[in-house]
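A quick write-up on the structure given underneath.
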Amino acid sequence: MLACTCYKLLENVEVSRNKTTRVAIFQLLGILVKKYNHSLGASLKIIQLLQHFEHLSSPLAQAVEIFVKEFGMKNIVSDILREIGQMDSKELARDNSGTKAYAAFVVELSEKVPSAVLPCISILLCKLDEESNNMRSAVLGVIAELILHCFTNEDLDEKQKSTRDQFLDLLEDAVYNVNAYVRNKALQIWLRLSNASAIPLPRQYELLKLVSGRLQDCSSMVRKSAVQFFTAYLKNNPFAAKISQEELQTNLDVETEKLENLVGQEEENEDAENDRNRAVCEKEGQAKWNAVEAKMKEAISELLGLEASSMDEEMPEEKELLVGEEESMNSVKLRICKLMTDGSFVEASKLLQAASDAFVGTAPFHRNDLKDSQGDGSFLDSSQEEENTSVEHILEIAKEMFLESLVPSSVEKVVENQQQENTEQQLQEVNEITKQKLLVQYLKACLNFARQIQTAMPLVCQMLNSKQNSDILEAIEFFVTAFQFGVSNVMMGIKRMQMLVLSKEQLIKEAVMGAYKRLYLTTEGGNQRSHTLAVVKNLTAMTETANTAELFSLEQLVIEFVKEGDISQSVIQMLWERFSMKMPGTTASESRAALQLLGMAAGAEVDIVRSNFEILVAEGLGERACTDFQFAADTCTALLKMAGSEKVKAGAHETPYKFAADNEIFSRLLVVLIAGASKLEDSSYTHLVKQAIAVIYRIAEHPDQICTKLLQDVSTVILSCQSDDDPGTENENSEDIFEKATPRVAGIHPGYLARLINMAGEVALKQLVHLDVSVAGELKRRRAVKQEDRDRKRLGRRSSTVRKSISLTRSTSKTKVSATGESVEEEMGLTAAIADDEEAEYIRKICENEIVTGGSHGLLSQFAPMILKVCTNPAVYNNEELQIAATLALSRFMVLSSVFCETHLQLLFTILEKSPHSAIRANTIVAFGDLTIRFPNLTEPWTSHLYARLLDESSNVRTYTIKVLALLIFNDMVKVKGQISEMATCLLDKDEKIANLAKLFFSELSKKGNAIYNMLPEMISRLSQPDSAMEKESFQTIIRYLFSFIQKEKQLEVLVEKLCHRFRATRCDRQWHDLAFCLSLLSYSERSLRKLSENFACFADKLVDDEVYNSFFSIVQKARKTCKQDVKAILDELEQRLHECHVKGLTEEEVAEKAAKHSQAAKNAKQVHRRRGKAHIDSASSSAESEDEENRSPDGKRPAVSVAAKRTSSVAVSRGVRRSTRNNSRHHAMPLTDE
């Protein structure tokens, strides 16, 4: 009863959270467990509480800890774990709440009492193979706690190391578990072990290879944990603070060579020492042998003489007794030498004789060339003449044995003596070699680690493009850490990370800014000057190696840093010093980088450039600009920032930041542009022209006058650079230069002519933007200022009436308004709208009549004949650069005037189709997009030519075509028609980039109402045409992708009917197969099946074809898996009809008769459903959605529309077009780019 009371109290959440009460309850339960045999009951009750009360997992683990540590009841741990281990795996998988409580309990228990859990771990290991993910993760957590608490000491015995390795093997296996949660848990555990330095060094290399495979896991949380592991391992790596693969490889080669030299020197010393020791030993042995030689010789002679005189038959037995059967040659040698040393020469001689018989042919007895006539192997001879020779031979063998026995002992004595003399020197040499070996092993481990990090680098780079923010954030942290540790090729990820500053996600943008702030704006130690210099060097390094896209993203970073004050004024000042090259040691590239950074910073604070305007013009447009066109172009970019943002705030009437036309800026610009026109070797001139003309139109008061002079002067210079055939060119008047330039076009160098035409095209484009933006904005600003003045005066006149009553004030004001003679438009507030229209019409007339088509008075009209001559004669002017410039200029001239556009539109599309240069075709595609936005009515008949470029042989042209079409379609400038099927073919383009663009296009188009649904039947018909030459597999792949966007049930129902009707218009078997395949892709409801049955007559005669029949049969089979009971009758009947038509075929009359019967049955079924309250709303909506298709005639054409309807529609469209033309002309949506 007491225990039950305690458990009941624990069920209360408030009681379990109170520490004092909770501990008191546990103490009481501990006494019951220890003294009153409550162990088994407590373990069962703990299991029950965990199953029903998830909040008790942590308190009950604390209770068991008290039972074990304070009361010594370790057996309760085994009882609890045994109960958990015996639970049914299916029950654990179903009871998610209880399983979570068990999992949390065992993990915390292993953390609190690991020594008590370790003996019972085998009970839990079986849970790794069960279905419950929570239990699998819990067992991995228990293993981690046991490793951290029991197996991190350095003095582990072999058994403990084996257990630890088994646990680590289980954790490695879990990294590739089938469940993502378990894989994530395993990686988190490895992360903990890495932070605790609990991973053995020999296992780390293979572990890195294992984890790198999870960087491409399908689960985002697994990828996140994998990147976190690599980041943590870099921070806690046991190798070095800088992990550069190149430096490590160089150091390893050097140290390996040192080790080889040390080992070789040691071996040479050892060989010399051994030779000296052997010489000393041989000398001492020879002296000892000389002392015993005479006696040994006498004994051998005596033995030979005795045996020769008394040979008997028992002699072999005596010899056998001297040498045992199991004795070896070495042991006999030792006995012989010992006998000689002890002075027993006779016994030694006898043993030597016995050994020669026992070991015949064995060294040293094989050297005996004197054998007796009986061949007994003995060295005894009956011939007296050979006796002396035998004695000498036996003596030689004895000497050899004697000296061999003395050499080892002598060597040991000599070595021992020398070791005592040279102990310190030898120890020093051994320590050097050992240290060198350890150093080489360390460098090898470092290099392997660096290589593994290097392998993971591209995989982490891919995560920067992930759609999951967690992937991107962890990848950013990894690259920051890798940069700090000097990992090779880390800049690949740093530069790609830089592009994320343009992300719309504020979290990612802040993470990128924080990363770059840590990498480039944070320094350690030093004074303010050194900090500023370090920041400037870091920013300069980023600028010097950046491409155009990276410079744009870097500019956004610099702008944000300036706004937040991270780039201080001291950094800006040092950049000015570098730009003007006043800082000693500044190079030209560093000066240019400083100029670029100043231009970027001016995007946040315009005063950075305005306050140093004179320095910028003097240095940036001085002598260096005439030789370095890229430097001059960067100066123009910085000058553009002085004008501020092009976006004007609503209600702001600030005066534009302009300079007079005779300002020093423009005179210097003209000098640079004119001087560089003849320098064809510098390709940066084109970019300079673009930036310089932009500066002129942005900050000059009369830019058209400046550009007219520029074109005249450049034309003069270019004509003066032609051949000397016309010596009178230099004396021509600049006013007549345009008229006389066109006939001489053929004699001008193509490079010079391309530069002149490109300059005219740039002027045309900027003139349009100037009129639509600057001039229109200035007119509106002036009108707003005048309106404010009038309002201010009016308020002043009415100030006297403010003190009167409200009614009197109103009547007085009405009187005054009428007295002032205000128009009806002013009273209704339409003055501004009318003024806007008048201004827009005024600007339109200027563009139409005074710039390109203004005859001799037009700014650019004199260049039009030259451009047309080049474009219409590609065989004469076959220079690619010239053709590109002429085509771009032509398209820009066409954007200005609708008259000029309409006149030369056919020429533009002729160039698009016949030009052999892909760059020209791509630029023409972009120009068509601009022309469509500007003049949609003119370009609408030519849209089919744009779709045709989707089949262009150049992947660059196809890419631009998809982009331009997407822009026009999404902005409702081009209607989605059946020609969109050509876009669908791009889904299978061999260029992966184009295929991805096509997929993105259809994905975005699917979000635009029912666009894909409406065009799908027509697309199917076009793709399945016999002359389309599309393979069946390709068709099916495309249709599968497009059908994935059809999800609405009503759309599916109508689509079934439409596709069935398409069967009547088919002409070949291939079309039957394609339509049947499309029908088989749909998901069928009861209403869809009825539609299919009603239109059975459309495809009945095609069922004789096996492929068509199989497609329809698959529809029935697929529908059976999900259909309800009342639909099975429809399926059975449909299947029977399919089978009948497939086996024997039906005449069309029979099919029509049966179809009529089923149609009537379907109508009756619909009436039943209506009575039940179904399908009423769906029927009403379907008529609205499919009205367009239902109005089609049987042959697929639309019925005639009345004249009045046409006229009304055309008027509405024309009004909309004029309005869109006025609005869109002010902002050029897609600028024409040169390639």
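Every chain in the structure tokens takes a letter, A first, then B, and so on in the order presented; its residues are numbered from 1, and the ligands are numbered from 1 following the presented order.
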
Query raised in the report: If you count only C-alpha atoms, which residues fall within 8 Å of region 139-143 of chain A, apart from same-chain ones fewer than 5 positions away, as a ChimeraX atom specification?
Result: /A:103,106-107,110-111,124-125,127-128,167,171,185-186,189

Query raised in the report: Which of region 57-305 of chain A counts as alpha helix (DSSP H) under DSSP, as a PyMOL selection string please?
Result: chain A and resi 57-69+75-85+89-94+96-112+114-117+121-125+133-150+158-174+180-195+201-212+220-235+245-305

Query raised in the report: Hey, what's within 10 Å of region 1015-1027 of chain A if we count only C-alpha atoms and toss same-chain stuff fewer than 6 positions away? As a count of residues only, please?
Result: 32

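Taking CA of Val13 (chain A) as the reference point, CA of Ser89 (chain A) is found at 28.8 Å.
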
Query raised in the report: If you count only C-alpha atoms, which residues fall within 12 Å of Glu614 (chain A), apart from same-chain ones fewer than 5 positions away, as a ChimeraX atom specification?
Result: /A:580,609,619-622,639,663-665

Requested in this report: Skip Glu623 (chain A) itself and residues of its chain fewer than 6 positions away, then list as an MDAnalysis selection string all residues within 12 Å of it, counting only C-alpha atoms.
Outcome: chainID A and resid 617 629 631:632 668:669 671:672 675

Requested in this report: For each of A:Leu539, A:Ala232, A:Ile300, A:Ile962, take the minimum atom-to-atom distance to Ala995 (chain A), counting only C-alpha atoms, then give the residue where this is smallest.
Outcome: A:Ile962

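Using only C-alpha atoms for every distance, the candidate list A:Arg790, A:Lys1118, A:Leu768, A:Asn1010 yields A:Leu768 as the residue closest to Met894 (chain A).
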
Fewer than 6 positions away in the same chain doesn't count, so skip those; otherwise give me all residues within 7 Å of Leu259 (chain A), counting only C-alpha atoms, as an mmCIF file with C-alpha atoms, in the first residue's frame.
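For reference, out_2.cif as written:
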```cif
data_model
loop_
_atom_site.group_PDB
_atom_site.id
_atom_site.type_symbol
_atom_site.label_atom_id
_atom_site.label_comp_id
_atom_site.auth_asym_id
_atom_site.auth_seq_id
_atom_site.Cartn_x
_atom_site.Cartn_y
_atom_site.Cartn_z
ATOM 1 C CA ILE A 433 65.283 7.377 -36.138
ATOM 2 C CA GLN A 436 61.647 10.493 -37.612
ATOM 3 C CA LYS A 437 59.470 7.399 -38.091
#
```

Query raised in the report: Suppose you want the space between CA of Tyr1109 (chain A) and CA of Ile1012 (chain A); what is it in Å?
Result: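 Pair CA of Tyr1109 (chain A) / CA of Ile1012 (chain A) returns 27.5 Å.
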
**Report entry** All residues 8 Å or closer to Gly644 (chain A), only C-alpha atoms, same chain fewer than 4 positions away omitted, as a list in words
**Finding:** Gly603, Val606, Leu640 and Tyr657 of chain A

Query raised in the report: Quick one: of A:Lys35, A:Ser344, A:Lys435, A:Leu60, who's nearest to Val23 (chain A), counting only C-alpha atoms?
Result: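 Ranking A:Lys35, A:Ser344, A:Lys435, A:Leu60 by distance to Val23 (chain A), first place goes to A:Leu60.
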